[in-house]
Amino acid sequence: MIKMIEIHIDEPYQSPALEDLLRKAIAATLTAENAQGDVTLLVTDDDAIVDLNQRFLGKSGPTDVLSFPAQSDANAFVPAPGAEPYLGDIAIAYPYAASQAARYGREVSDELILLVVHGTLHLLGYDHAEPEEKATMWARQDAILAGMQAP
């Protein structure tokens with residue numbers, strides 16, 4: 001059971017419809033992966049993402065989505081019995097995503113859904129550093145997105 005999906009969308013990008021869409025994308029990803037747990041999502045500006053990217057990942061510059069998994073081999077926190085695990089945080093740069101959507105000829109909402117699915121898969125342990133990992137992650141991402149399109 002998906003326990004909590006906490007979403008914060010910065011003022012210039014807020015809309016109840018967008019929040020609902022992003023919540024559904026996280027839920028669809030967790031359901032498709034038979035995963036349970038709590039997730040937080042922040043939709044913010046490019047400057048905030050640049051800061052997070054530098055502070056927590058040591059990388060310079062903007063990016064579209066960042067994922068911060070709560071669980072890792074080095075940080076194996078065990079939740080109390082009956083408590084849902086905290087999966088982690090996702091941060092998306094709305095302006096960067098909007099620019100990327102325009103570049104690829106997609107709607108901004110479709111780009112944001114893609115980024116949420118992508119970020120949630122990262123929280124669940126998927127990666128794309130190696131070609132095999134990328135193929136696996138992209139296949140899951142495509143399947144989840146296709147499932148969301150189905151009536």
# chains A, B, ... in the order shown; residues from 1 in each chain; ligands from 1
>>> residues_around(residues="Ala48 in chain A", least_positions_apart="6", cutoff="10 Å", atoms="only C-alpha atoms", output="list in words")
Gln54, Pro62, Ala91, Ile92 and Ala93 of chain A
>>> write_last_selection(atoms="C-alpha atoms", output="PDB file, in the first residue's frame")
ATOM      1  CA  GLN A  54      26.115  20.950  -6.067  1.00  0.00           C
ATOM      2  CA  PRO A  62      21.238  22.497 -13.745  1.00  0.00           C
ATOM      3  CA  ALA A  91      13.335  17.237  -7.073  1.00  0.00           C
ATOM      4  CA  ILE A  92      12.403  18.532 -10.530  1.00  0.00           C
ATOM      5  CA  ALA A  93      13.407  21.823 -12.154  1.00  0.00           C
TER       6      ALA A  93
END
>>> closest_atom_pairs(of="range 30-102 of chain A", to="range 20-26 of chain A", cutoff="9 Å", atoms="only C-alpha atoms", output="tab-separated table")
residue	atom	partner	partner_atom	distance
A:Leu30	CA	A:Ile26	CA	6.3
A:Thr31	CA	A:Ile26	CA	8.6
A:Val39	CA	A:Ile26	CA	8.1
A:Leu41	CA	A:Leu22	CA	8.7
>>> write_last_selection(atoms="C-alpha atoms", output="compact mmCIF listing (two decimals), in the first residue's frame")
# COMPACT_ATOMS: atom_id res chain seq x y z
CA LEU A 30 5.17 2.21 -7.20
CA THR A 31 2.26 -0.02 -8.20
CA VAL A 39 7.92 9.63 -1.33
CA LEU A 41 8.44 15.45 -4.58
>>> residues_around(residues="His122 in chain A", least_positions_apart="5", cutoff="9 Å", atoms="only C-alpha atoms", output="CSV table (one decimal) with C-alpha atoms, in the first residue's frame")
chain,number,residue,atom,x,y,z
A,66,LEU,CA,17.3,14.6,-9.0
A,67,SER,CA,16.5,11.6,-6.8
A,68,PHE,CA,17.7,11.1,-3.3
A,69,PRO,CA,17.0,7.5,-2.2
A,117,VAL,CA,8.5,8.1,-13.2
A,127,ASP,CA,20.2,3.4,-12.6
A,137,MET,CA,15.4,1.3,-16.7
>>> atom_distance(atom1="CA of Ala98 in chain A", atom2="CA of Ala35 in chain A")
29.0 Å
